[in-house]
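K.L.:
Data: my_file-v9.cif, mmCIF, C-alpha atoms.
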```
data_input
#
loop_
_atom_site.label_atom_id
_atom_site.label_comp_id
_atom_site.auth_asym_id
_atom_site.auth_seq_id
_atom_site.Cartn_x
_atom_site.Cartn_y
_atom_site.Cartn_z
CA MET A 26 82.72 186.63 122.32
CA LEU A 27 81.67 188.33 119.10
CA GLU A 28 82.24 186.52 115.86
CA VAL A 29 83.07 188.48 112.73
CA ILE A 30 80.95 187.32 109.82
CA PRO A 31 82.08 188.55 106.38
CA ARG A 32 79.33 190.29 104.46
CA PRO A 33 78.85 188.82 100.96
CA GLU A 34 78.18 192.23 99.38
CA ILE A 35 81.71 193.34 100.37
CA LEU A 36 83.42 190.22 99.02
CA LYS A 37 83.78 189.46 95.35
CA GLU A 38 81.38 186.84 94.02
CA SER A 39 84.22 184.39 93.27
CA GLU A 40 85.50 184.69 96.87
CA VAL A 41 82.04 183.89 98.24
CA GLU A 42 81.67 180.82 96.01
CA ALA A 43 85.16 179.52 96.84
CA MET A 44 84.51 180.04 100.55
CA THR A 45 81.27 178.06 100.52
CA LYS A 46 82.80 175.20 98.54
CA VAL A 47 85.74 174.98 100.93
CA LYS A 48 83.45 175.31 103.92
CA ALA A 49 81.27 172.42 102.72
CA LEU A 50 84.32 170.22 102.15
CA LEU A 51 85.80 171.02 105.57
CA LEU A 52 82.49 170.40 107.32
CA SER A 53 82.15 167.03 105.57
CA ILE A 54 85.67 166.05 106.67
CA VAL A 55 84.99 167.12 110.28
CA CYS A 56 81.67 165.26 110.35
CA ALA A 57 83.28 162.14 108.87
CA ALA A 58 86.09 162.23 111.46
CA THR A 59 83.58 162.70 114.28
CA ALA A 60 81.45 159.83 112.93
CA ILE A 61 84.54 157.57 112.93
CA ALA A 62 85.32 158.60 116.50
CA CYS A 63 81.71 157.85 117.56
CA PHE A 64 81.92 154.46 115.84
CA ALA A 65 85.13 153.66 117.72
CA THR A 66 83.43 154.43 121.06
CA GLN A 67 80.34 152.38 120.08
CA GLU A 68 78.04 155.43 120.15
CA MET A 69 75.74 154.63 117.24
CA THR A 70 73.41 157.64 117.54
CA GLY A 71 76.27 160.12 117.25
CA MET A 72 77.86 158.10 114.48
CA SER A 73 74.69 158.09 112.37
CA ALA A 74 74.07 161.81 112.97
CA PHE A 75 77.60 162.84 112.01
CA ALA A 76 77.76 160.39 109.10
CA SER A 77 74.58 161.86 107.62
CA GLY A 78 76.07 165.35 108.09
CA ALA A 79 79.24 164.21 106.32
CA ILE A 80 77.21 162.83 103.42
CA LEU A 81 75.13 166.01 103.20
CA PHE A 82 78.09 168.40 103.22
CA PHE A 83 80.12 166.22 100.86
CA SER A 84 77.22 166.09 98.39
CA ILE A 85 76.94 169.91 98.53
CA TRP A 86 80.66 170.22 97.84
CA LEU A 87 80.49 167.66 95.01
CA TYR A 88 77.55 169.43 93.39
CA LYS A 89 79.33 172.81 93.51
CA TYR A 90 82.59 171.29 92.24
CA GLN A 91 80.88 169.60 89.28
CA ARG A 92 78.88 172.76 88.47
CA ASP A 93 82.02 174.91 88.45
CA HIS A 94 83.85 172.33 86.37
CA ARG A 95 81.05 172.28 83.79
CA ILE A 96 81.08 176.09 83.61
CA GLN A 97 84.85 176.11 83.10
CA VAL A 98 84.71 173.43 80.41
CA ARG A 99 81.88 175.26 78.61
CA ALA A 100 83.83 178.54 78.72
CA ARG A 101 86.96 176.81 77.41
CA LEU A 102 85.00 175.25 74.54
CA GLU A 103 83.43 178.61 73.67
CA ARG A 104 86.87 180.26 73.63
CA GLN A 105 88.19 177.50 71.35
CA SER A 106 85.16 177.81 69.09
CA ILE A 107 85.60 181.56 68.80
CA ALA A 108 89.32 181.15 68.11
CA GLN A 109 88.62 178.60 65.36
CA THR A 110 85.84 180.54 63.67
CA SER A 111 87.48 183.95 63.76
CA LEU A 112 89.52 184.23 60.61
CA HIS A 113 90.84 187.72 60.16
CA ALA A 114 92.81 188.65 57.09
CA PRO A 115 95.22 191.57 57.22
CA SER A 116 93.28 193.25 54.41
CA MET A 117 89.99 192.92 56.35
CA ARG A 118 90.82 195.50 59.04
CA ARG A 119 89.03 198.34 57.29
CA LEU A 120 86.58 196.61 54.95
CA PRO A 121 86.14 192.88 54.41
CA TYR A 122 87.64 192.67 50.90
CA ILE A 123 89.89 189.68 50.36
CA THR A 124 92.40 189.55 47.54
CA GLU A 125 92.87 186.50 45.36
CA ALA A 126 96.49 186.33 46.54
CA TYR A 127 95.34 186.02 50.14
CA VAL A 128 92.84 183.28 49.26
CA ALA A 129 95.57 181.42 47.35
CA SER A 130 97.87 181.59 50.41
CA LEU A 131 95.33 179.84 52.68
CA SER A 132 95.70 176.18 53.59
CA ARG A 133 92.88 173.82 52.68
CA GLU A 134 91.57 173.88 56.28
CA GLN A 135 91.72 177.69 56.50
CA TYR A 136 89.95 177.99 53.14
CA GLY A 137 87.23 175.65 54.41
CA GLN A 138 86.81 177.82 57.52
CA LEU A 139 86.62 180.90 55.31
CA LEU A 140 83.84 179.36 53.21
CA ALA A 141 81.98 178.11 56.29
CA ASN A 142 82.12 181.36 58.26
CA TYR A 143 81.84 184.10 55.62
CA ARG A 144 79.45 184.95 52.78
CA GLN A 145 80.21 187.01 49.70
CA LEU A 146 77.82 189.93 49.32
CA GLY A 147 79.50 191.77 46.46
CA THR A 148 82.80 192.86 44.96
CA HIS A 149 85.14 195.83 45.23
CA PRO A 150 84.22 198.43 42.58
CA THR A 151 87.71 198.73 41.06
CA THR A 152 89.70 195.60 42.03
CA HIS A 153 86.72 193.22 41.92
CA ASP A 154 87.93 191.49 45.08
CA PRO A 155 85.10 189.68 46.90
CA PHE A 156 83.31 191.57 49.70
CA LEU A 157 82.89 189.08 52.57
CA VAL A 158 80.76 189.36 55.69
CA SER A 159 80.98 186.91 58.60
CA GLN A 160 77.94 184.81 59.39
CA LEU A 161 77.90 186.25 62.92
CA ASP A 162 77.74 189.81 61.56
CA ARG A 163 75.08 188.84 59.01
CA TYR A 164 72.64 187.67 61.64
CA ALA A 165 73.49 190.28 64.28
CA GLY A 166 71.08 193.18 64.38
CA THR A 167 68.22 194.84 66.14
CA SER A 168 64.63 193.76 66.06
CA ILE A 169 61.92 196.11 67.27
CA LEU A 170 58.61 194.54 68.09
CA GLY A 171 55.37 196.41 68.17
CA ILE A 172 52.72 198.01 66.03
CA GLN A 173 53.40 201.26 64.30
CA GLY A 174 51.58 204.15 65.94
CA SER A 175 50.81 202.29 69.15
CA GLY A 176 53.21 204.35 71.28
CA LEU A 177 52.42 207.35 73.44
CA ARG A 178 50.80 210.26 71.65
CA PRO A 179 50.73 213.87 72.81
CA ARG A 180 47.39 215.02 74.11
CA HIS A 181 45.59 217.71 72.21
CA ALA A 182 44.34 220.64 74.21
CA GLY A 183 40.75 221.01 73.39
#
```
Written as structure tokens, that's how I'd like the structure from this file.

P.N.:
Amino acid sequence: MLEVIPRPEILKESEVEAMTKVKALLLSIVCAATAIACFATQEMTGMSAFASGAILFFSIWLYKYQRDHRIQVRARLERQSIAQTSLHAPSMRRLPYITEAYVASLSREQYGQLLANYRQLGTHPTTHDPFLVSQLDRYAGTSILGIQGSGLRPRHAG
């Protein structure tokens, strides 16, 4: 009888991971049940073989479960961090000028976040409102490494 084996390249990556975690847990349960049955019939060789299989598959499942849990917790913390550090004023949609009225309307905590996450680089030419740039935008950029003139040069016909 032919057995249909799903190809991982057809499945989504999350489906493949969930399948292997579930498979490891089910195999550990089956091995543990078989080891208990072998123990009940006084067959020690079978019991030790299936018990070691149960321990192996359970440890694989536990490792994958803890790894996925750590990834989820890290992603949740990053989302919370981004939500806390992103402070967008209604007047900042076009250019990051903040009016004194807006600054006065901030709570003490929001004002502290504003000072921690933004730097003033100038003022508006007519209203003299501060021009603020986020710390993330300040340090984002492109760096090109290399020595000037060391790239490919056209060959001269000669």

K.L.:
What does the distance between CA of Tyr90 in chain A and CA of Lys46 in chain A come to in Å, to one decimal place?

P.N.:
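Going from CA of Tyr90 in chain A over to CA of Lys46 in chain A, I get 7.4 Å.
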
K.L.:
To verify the selection step, state as an MDAnalysis selection string which residues the PyMOL selection byres ((chain A and resi 154-157) around 10) yields on this input.

P.N.:
chainID A and resid 117 120:125 139:140 142:153 158:160

K.L.:
If you apply the PyMOL selection byres ((chain A and resi 81) around 12) to this file, what residues do you get, as a list in words?

P.N.:
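Residues picked by the PyMOL selection byres ((chain A and resi 81) around 12): Ala49, Leu50, Leu52, Ser53, Ile54, Cys56, Ala57, Ala74, Phe75, Ala76, Ser77, Gly78, Ala79, Ile80, Phe82, Phe83, Ser84, Ile85, Trp86, Leu87 and Tyr88 of chain A.
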
K.L.:
So which one's closest to Ser106 in chain A, A:Ser73, A:Gln138, A:Thr59, A:Thr45? Using all atoms listed in the file, please.

P.N.:
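Using all atoms listed in the file, the shortest distance to Ser106 in chain A belongs to A:Gln138.
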
K.L.:
Grab the CA of Asp162 in chain A to CA of Ile107 in chain A distance for me, in Å with one decimal place.

P.N.:
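Here the two named atoms are 13.5 Å from each other.
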
K.L.:
What gap, in Å, lies between CA of Arg92 in chain A and CA of Lys48 in chain A?

P.N.:
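Rounded to one decimal, the two atoms are 16.3 Å apart.
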
K.L.:
List the neighbours of Cys63 in chain A out to 8 Å using only C-alpha atoms; skip same-chain residues closer than 6 positions along the sequence, and give me the result as a list in words.

P.N.:
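Contacts, with the query itself left out: Met69, Gly71 and Met72 of chain A.
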